[in-house]
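Asks: Input file: model.txt. Contents: compact mmCIF, N, CA and C atoms.
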```txt
# COMPACT_ATOMS: atom_id res chain seq x y z
N MET A 155 24.47 40.84 33.27
CA MET A 155 24.08 39.44 33.37
C MET A 155 24.35 38.98 34.79
N PRO A 156 23.38 38.33 35.43
CA PRO A 156 23.59 37.91 36.82
C PRO A 156 24.61 36.79 36.90
N SER A 157 25.34 36.80 38.02
CA SER A 157 26.40 35.80 38.19
C SER A 157 25.84 34.45 38.63
N SER A 158 24.72 34.45 39.31
CA SER A 158 24.15 33.16 39.74
C SER A 158 23.24 32.63 38.64
N THR A 159 23.22 31.33 38.57
CA THR A 159 22.37 30.71 37.56
C THR A 159 21.15 30.14 38.23
N SER A 160 20.04 30.19 37.55
CA SER A 160 18.81 29.67 38.09
C SER A 160 18.57 28.26 37.56
N PRO A 161 17.74 27.47 38.25
CA PRO A 161 17.45 26.12 37.76
C PRO A 161 16.77 26.13 36.38
N ALA A 162 16.20 27.28 36.00
CA ALA A 162 15.54 27.35 34.71
C ALA A 162 16.56 27.47 33.57
N ASP A 163 17.82 27.78 33.92
CA ASP A 163 18.85 27.89 32.90
C ASP A 163 19.13 26.50 32.33
N PRO A 164 18.96 26.29 31.01
CA PRO A 164 19.11 24.95 30.46
C PRO A 164 20.52 24.39 30.59
N LEU A 165 21.53 25.24 30.76
CA LEU A 165 22.89 24.74 30.86
C LEU A 165 23.24 24.25 32.26
N THR A 166 22.46 24.65 33.27
CA THR A 166 22.78 24.26 34.64
C THR A 166 21.76 23.31 35.23
N ARG A 167 20.87 22.78 34.44
CA ARG A 167 19.90 21.84 34.98
C ARG A 167 20.60 20.58 35.47
N THR A 168 20.12 20.09 36.58
CA THR A 168 20.67 18.84 37.11
C THR A 168 19.67 17.73 36.87
N HIS A 169 20.10 16.54 37.19
CA HIS A 169 19.23 15.38 37.01
C HIS A 169 17.99 15.51 37.87
N ALA A 170 18.12 16.14 39.04
CA ALA A 170 16.98 16.26 39.94
C ALA A 170 15.93 17.21 39.37
N THR A 171 16.34 18.27 38.66
CA THR A 171 15.37 19.21 38.13
C THR A 171 14.92 18.83 36.74
N HIS A 172 15.66 17.97 36.06
CA HIS A 172 15.30 17.58 34.70
C HIS A 172 15.60 16.09 34.53
N PRO A 173 14.73 15.23 35.06
CA PRO A 173 15.01 13.80 34.96
C PRO A 173 14.93 13.33 33.52
N SER A 174 15.78 12.37 33.20
CA SER A 174 15.79 11.80 31.87
C SER A 174 15.14 10.42 31.92
N PRO A 175 14.22 10.15 31.01
CA PRO A 175 13.61 8.82 31.02
C PRO A 175 14.60 7.73 30.63
N PHE A 176 15.74 8.11 30.04
CA PHE A 176 16.74 7.14 29.65
C PHE A 176 17.63 6.73 30.81
N LEU A 177 17.75 7.59 31.83
CA LEU A 177 18.59 7.29 32.97
C LEU A 177 17.85 6.49 34.04
N GLU A 178 16.66 6.89 34.35
CA GLU A 178 15.89 6.23 35.39
C GLU A 178 14.51 5.89 34.85
N PRO A 179 14.34 4.73 34.30
CA PRO A 179 13.00 4.39 33.83
C PRO A 179 12.06 4.17 35.00
N THR A 180 10.95 4.83 34.95
CA THR A 180 9.96 4.66 36.01
C THR A 180 8.75 3.97 35.40
N LEU A 181 8.26 3.01 36.12
CA LEU A 181 7.08 2.30 35.67
C LEU A 181 5.88 2.80 36.46
N GLU A 182 4.99 3.46 35.76
CA GLU A 182 3.79 3.95 36.41
C GLU A 182 2.67 2.95 36.12
N PRO A 183 1.84 2.70 37.11
CA PRO A 183 0.75 1.76 36.85
C PRO A 183 -0.18 2.34 35.80
N GLU A 184 -0.59 1.48 34.90
CA GLU A 184 -1.49 1.92 33.85
C GLU A 184 -2.90 2.03 34.41
N ALA A 185 -3.59 3.05 33.93
CA ALA A 185 -4.97 3.22 34.34
C ALA A 185 -5.80 2.13 33.69
N PRO A 186 -6.73 1.58 34.42
CA PRO A 186 -7.56 0.53 33.80
C PRO A 186 -8.35 1.12 32.65
N THR A 187 -8.34 0.41 31.57
CA THR A 187 -9.09 0.85 30.40
C THR A 187 -10.22 -0.12 30.15
N SER A 188 -11.26 0.40 29.58
CA SER A 188 -12.37 -0.49 29.26
C SER A 188 -12.01 -1.26 28.00
N SER A 189 -12.36 -2.51 27.99
CA SER A 189 -12.05 -3.33 26.83
C SER A 189 -13.05 -3.00 25.73
N PRO A 190 -12.61 -3.13 24.48
CA PRO A 190 -13.53 -2.83 23.38
C PRO A 190 -14.70 -3.80 23.38
N ALA A 191 -15.81 -3.32 22.88
CA ALA A 191 -17.00 -4.15 22.83
C ALA A 191 -16.76 -5.32 21.88
N PRO A 192 -17.27 -6.48 22.19
CA PRO A 192 -17.09 -7.61 21.28
C PRO A 192 -17.79 -7.32 19.96
N PRO A 193 -17.26 -7.86 18.87
CA PRO A 193 -17.88 -7.61 17.57
C PRO A 193 -19.28 -8.20 17.51
N GLN A 194 -20.14 -7.48 16.84
CA GLN A 194 -21.51 -7.93 16.68
C GLN A 194 -21.64 -8.70 15.38
N GLY A 195 -22.44 -9.68 15.35
CA GLY A 195 -22.70 -10.42 14.11
C GLY A 195 -21.68 -11.52 13.92
N PRO A 196 -21.65 -12.08 12.71
CA PRO A 196 -20.75 -13.21 12.46
C PRO A 196 -19.29 -12.78 12.53
N THR A 197 -18.44 -13.69 12.99
CA THR A 197 -17.02 -13.40 13.08
C THR A 197 -16.23 -14.34 12.20
N GLN A 198 -15.02 -13.88 11.86
CA GLN A 198 -14.12 -14.70 11.07
C GLN A 198 -13.31 -15.57 12.03
N PRO A 199 -12.56 -16.57 11.51
CA PRO A 199 -11.79 -17.45 12.40
C PRO A 199 -10.81 -16.71 13.32
N ASN A 200 -10.28 -15.55 12.88
CA ASN A 200 -9.33 -14.84 13.72
C ASN A 200 -10.01 -13.94 14.75
N GLY A 201 -11.33 -13.95 14.81
CA GLY A 201 -12.05 -13.17 15.80
C GLY A 201 -12.52 -11.83 15.30
N ASP A 202 -12.09 -11.41 14.11
CA ASP A 202 -12.54 -10.13 13.57
C ASP A 202 -13.96 -10.27 13.08
N ALA A 203 -14.67 -9.17 13.13
CA ALA A 203 -16.04 -9.20 12.63
C ALA A 203 -16.02 -9.36 11.12
N ALA A 204 -16.92 -10.14 10.63
CA ALA A 204 -17.02 -10.34 9.19
C ALA A 204 -17.50 -9.05 8.56
N ASP A 205 -17.01 -8.74 7.38
CA ASP A 205 -17.40 -7.53 6.68
C ASP A 205 -18.80 -7.73 6.12
N SER A 206 -19.74 -7.07 6.76
CA SER A 206 -21.12 -7.22 6.33
C SER A 206 -21.58 -6.02 5.56
N GLY A 207 -20.65 -5.15 5.15
CA GLY A 207 -21.03 -3.95 4.41
C GLY A 207 -21.54 -2.86 5.32
N ALA A 208 -21.21 -2.91 6.61
CA ALA A 208 -21.70 -1.91 7.54
C ALA A 208 -21.17 -0.53 7.20
N ALA A 209 -19.96 -0.47 6.61
CA ALA A 209 -19.39 0.83 6.28
C ALA A 209 -20.23 1.52 5.22
N SER A 210 -20.72 0.78 4.26
CA SER A 210 -21.50 1.40 3.21
C SER A 210 -22.93 1.66 3.65
N LEU A 211 -23.37 1.05 4.73
CA LEU A 211 -24.73 1.24 5.20
C LEU A 211 -24.81 2.23 6.35
N GLY A 212 -23.75 2.96 6.61
CA GLY A 212 -23.79 3.96 7.68
C GLY A 212 -23.44 3.39 9.02
N GLY A 213 -22.41 2.53 9.10
CA GLY A 213 -21.97 1.94 10.36
C GLY A 213 -21.26 2.97 11.21
N VAL A 214 -20.52 2.48 12.21
CA VAL A 214 -19.77 3.36 13.10
C VAL A 214 -18.31 2.97 13.05
N ASP A 215 -17.44 3.94 13.36
CA ASP A 215 -16.00 3.66 13.38
C ASP A 215 -15.59 3.20 14.78
N GLU A 216 -14.26 3.07 15.02
CA GLU A 216 -13.75 2.57 16.29
C GLU A 216 -14.13 3.46 17.46
N ALA A 217 -14.25 4.78 17.22
CA ALA A 217 -14.58 5.72 18.29
C ALA A 217 -16.07 5.82 18.53
N GLY A 218 -16.86 5.11 17.73
CA GLY A 218 -18.30 5.15 17.91
C GLY A 218 -18.99 6.23 17.10
N LEU A 219 -18.23 6.97 16.28
CA LEU A 219 -18.84 8.01 15.45
C LEU A 219 -19.43 7.38 14.20
N PRO A 220 -20.50 7.94 13.71
CA PRO A 220 -21.00 7.45 12.41
C PRO A 220 -19.92 7.64 11.36
N LEU A 221 -19.81 6.69 10.44
CA LEU A 221 -18.75 6.75 9.43
C LEU A 221 -18.81 8.00 8.58
N ALA A 222 -19.99 8.49 8.27
CA ALA A 222 -20.10 9.71 7.46
C ALA A 222 -19.44 10.88 8.20
N GLU A 223 -19.67 10.99 9.51
CA GLU A 223 -19.05 12.07 10.28
C GLU A 223 -17.55 11.87 10.39
N ALA A 224 -17.11 10.63 10.58
CA ALA A 224 -15.68 10.35 10.68
C ALA A 224 -14.98 10.69 9.37
N GLU A 225 -15.58 10.32 8.24
CA GLU A 225 -14.97 10.62 6.95
C GLU A 225 -14.97 12.12 6.69
N ALA A 226 -16.04 12.82 7.07
CA ALA A 226 -16.09 14.27 6.89
C ALA A 226 -15.02 14.94 7.76
N GLY A 227 -14.83 14.44 8.98
CA GLY A 227 -13.79 15.00 9.87
C GLY A 227 -12.41 14.76 9.31
N PHE A 228 -12.19 13.59 8.73
CA PHE A 228 -10.89 13.28 8.12
C PHE A 228 -10.63 14.20 6.94
N ALA A 229 -11.65 14.40 6.10
CA ALA A 229 -11.49 15.27 4.92
C ALA A 229 -11.22 16.71 5.36
N ALA A 230 -11.94 17.18 6.37
CA ALA A 230 -11.73 18.54 6.86
C ALA A 230 -10.34 18.70 7.45
N ALA A 231 -9.87 17.70 8.20
CA ALA A 231 -8.53 17.76 8.79
C ALA A 231 -7.46 17.72 7.70
N THR A 232 -7.71 16.95 6.63
CA THR A 232 -6.75 16.89 5.52
C THR A 232 -6.66 18.23 4.83
N VAL A 233 -7.79 18.86 4.55
CA VAL A 233 -7.79 20.17 3.90
C VAL A 233 -7.10 21.20 4.79
N ALA A 234 -7.37 21.16 6.09
CA ALA A 234 -6.73 22.11 7.02
C ALA A 234 -5.22 21.91 7.03
N GLU A 235 -4.77 20.66 6.99
CA GLU A 235 -3.33 20.38 6.99
C GLU A 235 -2.69 20.86 5.69
N LEU A 236 -3.38 20.66 4.58
CA LEU A 236 -2.84 21.12 3.28
C LEU A 236 -2.76 22.64 3.21
N ARG A 237 -3.62 23.33 3.94
CA ARG A 237 -3.54 24.80 3.96
C ARG A 237 -2.33 25.28 4.74
N ARG A 238 -1.82 24.46 5.66
CA ARG A 238 -0.64 24.84 6.45
C ARG A 238 0.66 24.58 5.71
N VAL A 239 0.62 23.84 4.62
CA VAL A 239 1.83 23.50 3.88
C VAL A 239 2.40 24.76 3.23
N VAL A 240 3.71 24.92 3.33
CA VAL A 240 4.38 26.03 2.65
C VAL A 240 4.83 25.50 1.29
N TRP A 241 4.11 25.87 0.26
CA TRP A 241 4.40 25.38 -1.08
C TRP A 241 5.55 26.16 -1.68
N PRO A 242 6.44 25.52 -2.43
CA PRO A 242 7.59 26.23 -3.02
C PRO A 242 7.14 27.12 -4.18
N SER A 243 7.93 28.17 -4.41
CA SER A 243 7.65 29.03 -5.56
C SER A 243 8.06 28.28 -6.83
N ARG A 244 7.65 28.79 -7.98
CA ARG A 244 7.99 28.15 -9.25
C ARG A 244 9.50 28.13 -9.45
N GLN A 245 10.18 29.24 -9.09
CA GLN A 245 11.63 29.32 -9.24
C GLN A 245 12.33 28.30 -8.34
N GLN A 246 11.88 28.20 -7.09
CA GLN A 246 12.48 27.25 -6.15
C GLN A 246 12.24 25.82 -6.61
N LEU A 247 11.04 25.53 -7.09
CA LEU A 247 10.72 24.20 -7.59
C LEU A 247 11.61 23.83 -8.76
N PHE A 248 11.80 24.76 -9.69
CA PHE A 248 12.63 24.51 -10.86
C PHE A 248 14.09 24.29 -10.46
N SER A 249 14.63 25.18 -9.62
CA SER A 249 16.05 25.06 -9.27
C SER A 249 16.33 23.79 -8.47
N GLU A 250 15.43 23.41 -7.58
CA GLU A 250 15.65 22.20 -6.80
C GLU A 250 15.46 20.95 -7.66
N SER A 251 14.56 21.01 -8.63
CA SER A 251 14.39 19.88 -9.55
C SER A 251 15.64 19.69 -10.39
N VAL A 252 16.22 20.79 -10.87
CA VAL A 252 17.45 20.71 -11.65
C VAL A 252 18.57 20.14 -10.80
N ALA A 253 18.66 20.57 -9.54
CA ALA A 253 19.70 20.06 -8.65
C ALA A 253 19.54 18.55 -8.43
N VAL A 254 18.32 18.09 -8.26
CA VAL A 254 18.08 16.66 -8.06
C VAL A 254 18.46 15.87 -9.31
N ILE A 255 18.05 16.37 -10.48
CA ILE A 255 18.36 15.68 -11.73
C ILE A 255 19.87 15.62 -11.95
N LEU A 256 20.58 16.72 -11.66
CA LEU A 256 22.04 16.72 -11.81
C LEU A 256 22.70 15.73 -10.85
N MET A 257 22.26 15.70 -9.61
CA MET A 257 22.87 14.79 -8.64
C MET A 257 22.59 13.32 -9.00
N VAL A 258 21.40 13.04 -9.49
CA VAL A 258 21.10 11.67 -9.91
C VAL A 258 21.97 11.29 -11.10
N GLY A 259 22.14 12.22 -12.05
CA GLY A 259 22.99 11.96 -13.21
C GLY A 259 24.44 11.74 -12.81
N LEU A 260 24.95 12.58 -11.91
CA LEU A 260 26.33 12.42 -11.45
C LEU A 260 26.51 11.10 -10.69
N SER A 261 25.53 10.75 -9.88
CA SER A 261 25.62 9.48 -9.14
C SER A 261 25.60 8.30 -10.10
N ALA A 262 24.74 8.35 -11.11
CA ALA A 262 24.68 7.27 -12.09
C ALA A 262 25.99 7.16 -12.85
N ALA A 263 26.58 8.31 -13.22
CA ALA A 263 27.85 8.30 -13.94
C ALA A 263 28.97 7.72 -13.06
N ALA A 264 28.99 8.08 -11.79
CA ALA A 264 30.01 7.55 -10.88
C ALA A 264 29.86 6.04 -10.70
N ILE A 265 28.64 5.58 -10.56
CA ILE A 265 28.41 4.14 -10.40
C ILE A 265 28.80 3.40 -11.68
N ALA A 266 28.46 3.97 -12.84
CA ALA A 266 28.82 3.34 -14.11
C ALA A 266 30.34 3.29 -14.28
N ALA A 267 31.04 4.37 -13.88
CA ALA A 267 32.50 4.39 -13.99
C ALA A 267 33.12 3.33 -13.08
N LEU A 268 32.63 3.21 -11.86
CA LEU A 268 33.14 2.18 -10.95
C LEU A 268 32.85 0.79 -11.48
N ASP A 269 31.68 0.58 -12.05
CA ASP A 269 31.32 -0.71 -12.61
C ASP A 269 32.25 -1.09 -13.76
N ARG A 270 32.51 -0.13 -14.63
CA ARG A 270 33.42 -0.41 -15.76
C ARG A 270 34.84 -0.68 -15.28
N PHE A 271 35.29 0.10 -14.28
CA PHE A 271 36.64 -0.10 -13.75
C PHE A 271 36.77 -1.50 -13.14
N TYR A 272 35.81 -1.88 -12.29
CA TYR A 272 35.89 -3.19 -11.66
C TYR A 272 35.72 -4.31 -12.67
N GLY A 273 34.91 -4.08 -13.71
CA GLY A 273 34.81 -5.06 -14.79
C GLY A 273 36.12 -5.24 -15.51
N TRP A 274 36.79 -4.13 -15.83
CA TRP A 274 38.10 -4.18 -16.49
C TRP A 274 39.13 -4.87 -15.58
N ALA A 275 39.13 -4.51 -14.28
CA ALA A 275 40.08 -5.10 -13.34
C ALA A 275 39.85 -6.61 -13.22
N ALA A 276 38.61 -7.02 -13.21
CA ALA A 276 38.32 -8.46 -13.11
C ALA A 276 38.81 -9.20 -14.35
N THR A 277 38.67 -8.58 -15.53
CA THR A 277 39.18 -9.28 -16.74
C THR A 277 40.70 -9.34 -16.74
N GLN A 278 41.38 -8.38 -16.14
CA GLN A 278 42.83 -8.40 -16.06
C GLN A 278 43.32 -9.47 -15.10
N VAL A 279 42.61 -9.64 -14.00
CA VAL A 279 43.03 -10.58 -12.96
C VAL A 279 42.70 -12.01 -13.36
N PHE A 280 41.51 -12.24 -13.92
CA PHE A 280 41.04 -13.60 -14.18
C PHE A 280 41.15 -14.02 -15.64
N ARG A 281 42.18 -13.57 -16.35
CA ARG A 281 42.37 -13.97 -17.75
C ARG A 281 42.89 -15.35 -17.84
```
Using C-alpha cells, write down the structure from this file.
Replies:
Amino acid sequence: MPSSTSPADPLTRTHATHPSPFLEPTLEPEAPTSSPAPPQGPTQPNGDAADSGAASLGGVDEAGLPLAEAEAGFAAATVAELRRVVWPSRQQLFSESVAVILMVGLSAAAIAALDRFYGWAATQVFR
C-alpha cells in the first residue's frame, strides 16, 4: 500500500477538492427560461384554463405531447419500473407478515397495560 495519499482518496479530501454546498453556498445565475404559453380559451378567476374536455378530445400535456402518447409513455414507464421490483418469496412474505402481526399485537398489549395502570393510578390518587 503506498504511503502517500492521493486527492482521490475519500478520507483525505479537503474542502478545496470536495466543496460542500452546506459550507459555502454559491449562487449561480439562473439561465433564462421561456415562460409557459398563456392558456387558450376561457379562463377561471385564478387564471387557470377552464376545463373544456381537451383531455378527452386528444389535447396536449404540459410538455406539448399529445395526451395519448403521454399516457402510453407513463404506462410503459410504470410497467418497466414494476419489472425492476424485487418481489419477496412466499416464505419471506409469510414470515415478515407474522413478524408485523406479532409486533402490532405486542404494541397493542403494552399500550393497553399502560392505559390500565394509569387508569388505576388515577383512581387511587383522585378518590
Asks: Rounded to one decimal, what separation in Å do you get between atom CA of A:Ala230 and atom CA of A:Ser243?
Replies: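 Distance between the two atoms: 25.3 Å.
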Asks: Separation of atom CA of A:Tyr272 and atom C of A:Met257, in Å?
Replies: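 A separation of 21.4 Å between them.
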Asks: Do you have the atom CA of A:Leu221-atom CA of A:Glu235 distance handy?
Replies: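 Interatomic distance, atom CA of A:Leu221 to atom CA of A:Glu235: 20.7 Å.
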